[in-house]
Structures are given as C-alpha cells and as structure tokens.
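work13.cif follows (mmCIF, C-alpha atoms):
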data_structure
loop_
_atom_site.label_atom_id
_atom_site.label_comp_id
_atom_site.auth_asym_id
_atom_site.auth_seq_id
_atom_site.Cartn_x
_atom_site.Cartn_y
_atom_site.Cartn_z
CA MET M 1 96.37 56.86 -30.19
CA GLU M 2 97.94 57.65 -26.80
CA SER M 3 95.80 57.22 -23.72
CA SER M 4 94.58 60.24 -21.78
CA VAL M 5 94.82 58.59 -18.36
CA GLY M 6 98.60 58.74 -17.98
CA LYS M 7 99.78 55.63 -16.12
CA GLY M 8 96.95 53.12 -16.13
CA TYR M 9 96.25 50.90 -13.17
CA ILE M 10 94.58 47.54 -12.62
CA HIS M 11 91.43 47.57 -10.45
CA ILE M 12 89.60 44.54 -9.08
CA TYR M 13 86.10 44.64 -7.54
CA THR M 14 85.33 41.25 -6.00
CA GLY M 15 83.53 39.69 -3.04
CA ASN M 16 80.08 38.29 -2.30
CA GLY M 17 78.41 41.67 -1.81
CA LYS M 18 76.34 43.71 -4.24
CA GLY M 19 77.98 46.51 -6.16
CA LYS M 20 80.88 45.14 -8.24
CA THR M 21 79.36 45.84 -11.64
CA THR M 22 77.80 49.03 -10.27
CA ALA M 23 81.23 50.29 -9.22
CA ALA M 24 82.66 49.49 -12.65
CA LEU M 25 79.73 51.24 -14.33
CA GLY M 26 80.30 54.29 -12.15
CA LEU M 27 83.92 54.37 -13.27
CA ALA M 28 82.84 53.97 -16.91
CA PHE M 29 80.42 56.89 -16.67
CA ARG M 30 82.99 59.03 -14.86
CA ALA M 31 85.56 58.24 -17.56
CA ALA M 32 83.07 59.03 -20.33
CA GLY M 33 82.25 62.31 -18.60
CA ALA M 34 85.93 63.18 -18.89
CA GLY M 35 85.92 62.30 -22.59
CA LEU M 36 87.74 58.98 -22.18
CA LYS M 37 86.92 56.00 -24.39
CA VAL M 38 85.71 52.93 -22.51
CA LEU M 39 85.36 49.29 -23.52
CA PHE M 40 82.88 47.43 -21.28
CA VAL M 41 83.17 43.66 -21.85
CA GLN M 42 80.64 41.45 -20.08
CA PHE M 43 81.22 37.75 -19.47
CA MET M 44 78.43 35.29 -18.65
CA LYS M 45 75.73 37.96 -19.08
CA ASP M 46 73.25 37.99 -21.92
CA PHE M 47 70.15 39.04 -20.00
CA ALA M 48 68.73 42.50 -20.87
CA TYR M 49 70.17 44.25 -17.79
CA SER M 50 69.09 47.87 -17.42
CA GLU M 51 72.67 49.15 -17.50
CA LEU M 52 72.75 48.33 -21.21
CA GLU M 53 70.07 50.97 -21.83
CA SER M 54 72.14 53.56 -19.97
CA LEU M 55 75.35 52.56 -21.70
CA GLN M 56 73.71 52.95 -25.14
CA ARG M 57 73.21 56.64 -24.38
CA PHE M 58 77.00 56.98 -24.31
CA GLU M 59 77.76 54.76 -27.29
CA ASP M 60 80.14 57.36 -28.73
CA LEU M 61 82.39 56.90 -25.66
CA ILE M 62 81.44 53.51 -24.20
CA THR M 63 81.52 50.34 -26.31
CA VAL M 64 79.81 47.22 -24.94
CA LYS M 65 80.70 43.68 -25.98
CA ARG M 66 79.21 40.53 -24.47
CA PHE M 67 80.70 37.05 -24.37
CA GLY M 68 78.60 34.13 -23.19
CA ASN M 69 75.86 33.57 -20.65
CA ASP M 70 75.28 31.74 -17.40
CA GLN M 71 72.76 29.18 -18.64
CA PHE M 72 75.05 26.28 -17.72
CA VAL M 73 75.14 27.60 -14.13
CA LEU M 74 71.34 27.83 -13.98
CA ASN M 75 71.12 24.29 -15.36
CA ARG M 76 73.70 23.13 -12.79
CA GLN M 77 75.93 21.71 -15.49
CA PRO M 78 79.59 22.22 -16.25
CA PRO M 79 80.33 24.68 -19.07
CA SER M 80 80.47 23.24 -22.55
CA ASP M 81 83.54 23.49 -24.79
CA GLU M 82 81.62 26.18 -26.69
CA ASP M 83 81.09 28.18 -23.47
CA LYS M 84 84.83 27.95 -22.76
CA ALA M 85 85.72 29.00 -26.30
CA ILE M 86 83.42 32.04 -26.05
CA ALA M 87 85.13 33.14 -22.82
CA LYS M 88 88.59 32.72 -24.38
CA ASN M 89 87.41 34.74 -27.39
CA GLY M 90 86.38 37.47 -24.95
CA ILE M 91 89.89 37.57 -23.49
CA ALA M 92 91.45 37.65 -26.96
CA TYR M 93 89.09 40.45 -27.94
CA ALA M 94 90.01 42.46 -24.82
CA ILE M 95 93.74 42.03 -25.45
CA ASP M 96 93.40 43.16 -29.07
CA ALA M 97 91.25 46.12 -28.00
CA MET M 98 93.79 47.18 -25.37
CA LYS M 99 96.62 47.02 -27.89
CA SER M 100 94.60 48.96 -30.49
CA GLY M 101 95.03 52.21 -28.58
CA GLU M 102 91.35 53.00 -29.16
CA TYR M 103 90.38 52.76 -25.48
CA ASP M 104 91.52 54.46 -22.29
CA VAL M 105 89.59 52.18 -19.93
CA VAL M 106 88.88 48.46 -20.40
CA ILE M 107 86.38 46.84 -18.03
CA LEU M 108 85.95 43.06 -17.89
CA ASP M 109 82.69 42.58 -16.03
CA GLU M 110 82.26 39.20 -14.28
CA ILE M 111 85.64 37.97 -15.50
CA CYS M 112 86.69 36.86 -12.00
CA VAL M 113 83.87 34.36 -11.61
CA THR M 114 84.79 32.64 -14.90
CA THR M 115 87.55 30.72 -13.12
CA TYR M 116 85.21 29.55 -10.37
CA PHE M 117 82.84 28.08 -12.97
CA LYS M 118 85.76 26.63 -14.99
CA LEU M 119 85.19 28.72 -18.10
CA LEU M 120 88.73 30.02 -17.85
CA LYS M 121 91.86 29.06 -15.94
CA GLU M 122 93.74 31.55 -13.79
CA GLU M 123 96.63 31.51 -16.24
CA ASP M 124 94.34 32.47 -19.15
CA LEU M 125 94.58 36.08 -17.99
CA ILE M 126 98.39 36.20 -17.87
CA PRO M 127 98.48 37.54 -21.47
CA LEU M 128 95.96 40.21 -20.50
CA PHE M 129 98.13 41.44 -17.62
CA ALA M 130 101.36 41.01 -19.60
CA ASN M 131 100.07 42.91 -22.64
CA LYS M 132 98.35 45.78 -20.83
CA PRO M 133 99.73 49.00 -22.27
CA GLU M 134 101.02 51.52 -19.73
CA GLY M 135 98.21 54.02 -20.35
CA ILE M 136 95.23 51.66 -20.10
CA GLU M 137 93.08 51.51 -16.98
CA LEU M 138 92.00 47.86 -16.59
CA VAL M 139 89.07 46.90 -14.37
CA LEU M 140 88.05 43.33 -13.47
CA THR M 141 84.86 42.46 -11.59
CA GLY M 142 83.23 39.35 -10.19
CA ARG M 143 83.09 37.05 -7.22
CA TYR M 144 85.82 34.57 -6.38
CA CYS M 145 88.74 36.53 -7.84
CA PRO M 146 91.88 34.39 -7.87
CA ASP M 147 94.60 35.57 -5.50
CA SER M 148 97.10 35.56 -8.37
CA TRP M 149 95.03 38.23 -10.14
CA ILE M 150 94.73 40.30 -6.97
CA GLU M 151 98.54 40.24 -6.75
CA GLN M 152 98.66 41.81 -10.24
CA ALA M 153 96.23 44.56 -9.24
CA ASP M 154 97.04 48.07 -8.07
CA LEU M 155 93.63 48.42 -6.39
CA ALA M 156 91.49 45.59 -5.05
CA THR M 157 88.16 46.02 -3.29
CA ASP M 158 86.37 43.15 -1.59
CA MET M 159 82.66 43.92 -1.41
CA ARG M 160 81.35 41.98 1.56
CA GLU M 161 77.66 41.30 1.98
CA VAL M 162 76.52 42.35 5.43
CA LYS M 163 72.77 42.26 4.80
CA HIS M 164 70.68 41.86 1.65
CA TYR M 165 66.93 41.95 1.02
CA TYR M 166 67.24 38.82 -1.15
CA GLU M 167 67.31 36.95 2.17
CA GLN M 168 63.65 38.03 2.57
CA ARG M 169 62.90 36.49 -0.85
CA ILE M 170 62.70 39.87 -2.58
CA LEU M 171 63.43 39.27 -6.25
CA SER M 172 65.64 41.33 -8.49
CA ARG M 173 64.03 44.69 -9.24
CA LYS M 174 64.44 46.21 -12.69
CA GLY M 175 66.46 49.38 -12.60
CA ILE M 176 67.79 48.68 -9.11
CA ASP M 177 69.18 45.12 -9.21
CA SER M 178 68.99 44.28 -12.90
#
As structure tokens, please, write out the structure in this file.
Amino acid sequence: MESSVGKGYIHIYTGNGKGKTTAALGLAFRAAGAGLKVLFVQFMKDFAYSELESLQRFEDLITVKRFGNDQFVLNRQPPSDEDKAIAKNGIAYAIDAMKSGEYDVVILDEICVTTYFKLLKEEDLIPLFANKPEGIELVLTGRYCPDSWIEQADLATDMREVKHYYEQRILSRKGIDS
C-alpha cells in the first residue's frame, strides 16, 4: 500500500512544557479526518488517559499500541531488564508497522523520554530513522529528546513551560490533563 502523504517527514515535539502528546493527538485526528491511517504507539503509559476514549472512536483509522509504564519512575528505581525489553519491543513493532505500508502516520508518544530514564539508548532509534519509508510521517514526543534525534528531524518543536497551575498544587484534571 502506498502512502497518501507524499514525502513523509519526521516531527519531534519535546520540551518541559505541556502539550507534546496533545500536539501529536491533534495531528492524528487531522490525519484521520483526511482518511489517513495512523499508528499511535505509547511508551511508558498504561494509565487510562482520556485520549484513549477519543482514539477508540476512530479505531478504523487510528490504531493504538502501548508498551510499558512508568512505575519504576514513580518508585524511584532504575528500569528493570523487562522494562527495557518492552521498550525495545515497541521500537521493533513500530519499525515493522512502518515497513508494512499499512500506516501513513506513525506516532511514538513519550519515546524521547525513554533515553532519559535509560529504557532505551539513543542509538536504539537509528533503525527506526534508517528504515522509515519515504511516504511515512513519523512523529516523536517526550521530554529530553536527544540532540542526535533532533538532527534527524525535519520539524522540531520545543514546548517550554512558562507557567503551569501544577505549581499551585492543582492536580491533573480528567479530560484536560489526563
């Protein structure tokens, strides 16, 4: 199956500000609205985030796969070998999905932060960049994006936090923040 996007580009949404996943979701919904097939792969997220409910409404055009969770971060422990293997499986899955020709857009949500928490190494994504077919739009999100990945990107946005209500101890609100 040939992609409908023409030349596909690599996008990165990084930084310490809110909105990286939200930007990727916006792109996914825009792509689905144009009839494009989207793969939305989440790393380190297994909580029942509200976006999953919205994405299910478009399951004919948007496929969601999840690899791992952030429990080791919450427990202030290094990731286990199993956590690392799950992240590597996520990369392998994304590469196979890109090569399948089934998707026009592949989004790897929170992939950037996996290197910061030592789930993956920077070089673990070299096969992803090297094997990206010409017509696939590839989107990576997450804090702490390695510079080497930004060099591979065609578009990189750094979302900088200027002010956030979390500073006033306002917890995550369902439907707005989670």
So the first atom is atom CA of Ile136 of chain M and the second is atom CA of Val106 of chain M; what is the distance between them in Å, to one decimal place? 7.1 Å
Could you check the closest approach to Gly135 of chain M for each of M:Ala87, M:Val38, M:Val162, M:Met98 and tell me which residue wins, using only C-alpha atoms? M:Met98
Residues within 8 Å of Gly142 of chain M, please, as a ChimeraX atom specification. Count all atoms listed in the file; anything in the same chain fewer than 4 positions from it doesn't count. /M:13-15,20-21,109-113
May I ask for the distance between atom CA of Lys65 of chain M and atom CA of Leu171 of chain M, given in Å to one decimal place?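 Answer for the atom CA of Lys65 of chain M to atom CA of Leu171 of chain M separation: 26.6 Å.
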What separation in Å, quoted to one decimal, exists between atom CA of Phe58 of chain M and atom CA of Tyr103 of chain M?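 For atom CA of Phe58 of chain M relative to atom CA of Tyr103 of chain M, the distance reads 14.1 Å.
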Nearest to Leu27 of chain M, restricted to all atoms listed in the file and choosing among M:Gln168, M:His11, M:Pro127, M:Ile86, comes out as M:His11
Give the answer as one residue: which of M:Asp104, M:Asp158, M:Glu123, M:Glu151 has the shortest atom-to-atom distance to Lys88 of chain M, using only C-alpha atoms? M:Glu123
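Between Asp96 of chain M and the candidates M:Leu39, M:Leu61, M:Leu74, M:Leu52, the tightest atom-to-atom separation, counting all atoms listed in the file, involves M:Leu39.
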Residues near Glu137 of chain M, anyone? I mean within 6 Å using only C-alpha atoms, not counting same-chain ones fewer than 3 positions away, as a list in words.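 That gives Gly8, Tyr9 and Val105 of chain M.
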Enumerate, as a VMD selection string, the protein, DNA and RNA residues whose atoms approach (85.5, 26.9, -17.1) to within 9 Å, taking into account all atoms listed in the file and the coordinate frame of the file. chain M and resid 78 to 81 83 to 84 87 114 to 121
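Distances here use only C-alpha atoms; by that measure, the residue among M:Val73, M:Leu125, M:Ile170, M:Pro133 closest to Gly101 of chain M is M:Pro133.
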Target residues per the PyMOL selection byres ((chain M and resi 42) around 9), formatted as a PyMOL selection string: chain M and resi 40-41+43-46+64-68+90+107-111
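Shortest separation to Leu138 of chain M among M:Ala48, M:Ile95, M:Ala34, M:Leu55 occurs at residue M:Ile95, atoms counted being all atoms listed in the file.
Taken over the shown file, the PyMOL selection byres ((chain M and resi 156) around 10) identifies Ile10, His11, Ile12, Tyr13, Thr14, Val139, Leu140, Thr141, Cys145, Trp149, Ile150, Glu151, Gln152, Ala153, Asp154, Leu155, Thr157, Asp158 and Met159 of chain M.
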Start from the incomplete input, build N, CA and C atoms for segment 121-141 of chain M, and deliver everything as a CSV table (one decimal), in the coordinates of the input.
chain,number,residue,atom,x,y,z
M,121,LYS,N,90.9,29.4,-17.0
M,121,LYS,CA,91.9,29.1,-15.9
M,121,LYS,C,92.5,30.4,-15.5
M,122,GLU,N,93.1,30.4,-14.3
M,122,GLU,CA,93.7,31.6,-13.8
M,122,GLU,C,94.8,32.0,-14.8
M,123,GLU,N,95.5,31.1,-15.3
M,123,GLU,CA,96.6,31.5,-16.2
M,123,GLU,C,96.1,32.1,-17.6
M,124,ASP,N,94.9,31.9,-17.9
M,124,ASP,CA,94.3,32.5,-19.2
M,124,ASP,C,94.4,34.0,-19.2
M,125,LEU,N,94.5,34.6,-18.0
M,125,LEU,CA,94.6,36.1,-18.0
M,125,LEU,C,96.0,36.6,-18.0
M,126,ILE,N,97.0,35.7,-17.9
M,126,ILE,CA,98.4,36.2,-17.9
M,126,ILE,C,98.7,37.1,-19.1
M,127,PRO,N,98.2,36.7,-20.3
M,127,PRO,CA,98.5,37.5,-21.5
M,127,PRO,C,97.8,38.9,-21.4
M,128,LEU,N,96.7,38.9,-20.7
M,128,LEU,CA,96.0,40.2,-20.5
M,128,LEU,C,96.8,41.1,-19.6
M,129,PHE,N,97.3,40.6,-18.5
M,129,PHE,CA,98.1,41.4,-17.6
M,129,PHE,C,99.4,41.8,-18.3
M,130,ALA,N,100.0,40.8,-19.0
M,130,ALA,CA,101.4,41.0,-19.6
M,130,ALA,C,101.3,42.0,-20.8
M,131,ASN,N,100.2,42.1,-21.5
M,131,ASN,CA,100.1,42.9,-22.6
M,131,ASN,C,99.3,44.2,-22.4
M,132,LYS,N,99.1,44.5,-21.1
M,132,LYS,CA,98.4,45.8,-20.8
M,132,LYS,C,99.3,47.0,-21.1
M,133,PRO,N,98.9,47.8,-22.0
M,133,PRO,CA,99.7,49.0,-22.3
M,133,PRO,C,99.8,49.9,-21.0
M,134,GLU,N,100.8,50.7,-20.9
M,134,GLU,CA,101.0,51.5,-19.7
M,134,GLU,C,99.8,52.5,-19.5
M,135,GLY,N,99.2,53.0,-20.5
M,135,GLY,CA,98.2,54.0,-20.4
M,135,GLY,C,96.8,53.5,-20.3
M,136,ILE,N,96.6,52.2,-20.1
M,136,ILE,CA,95.2,51.7,-20.1
M,136,ILE,C,94.8,51.4,-18.7
M,137,GLU,N,93.7,51.8,-18.3
M,137,GLU,CA,93.1,51.5,-17.0
M,137,GLU,C,92.3,50.2,-17.2
M,138,LEU,N,92.6,49.2,-16.4
M,138,LEU,CA,92.0,47.9,-16.6
M,138,LEU,C,91.2,47.5,-15.3
M,139,VAL,N,89.9,47.2,-15.5
M,139,VAL,CA,89.1,46.9,-14.4
M,139,VAL,C,88.5,45.5,-14.5
M,140,LEU,N,88.6,44.7,-13.5
M,140,LEU,CA,88.0,43.3,-13.5
M,140,LEU,C,87.0,43.2,-12.3
M,141,THR,N,85.9,42.6,-12.6
M,141,THR,CA,84.9,42.5,-11.6
M,141,THR,C,84.5,41.0,-11.5
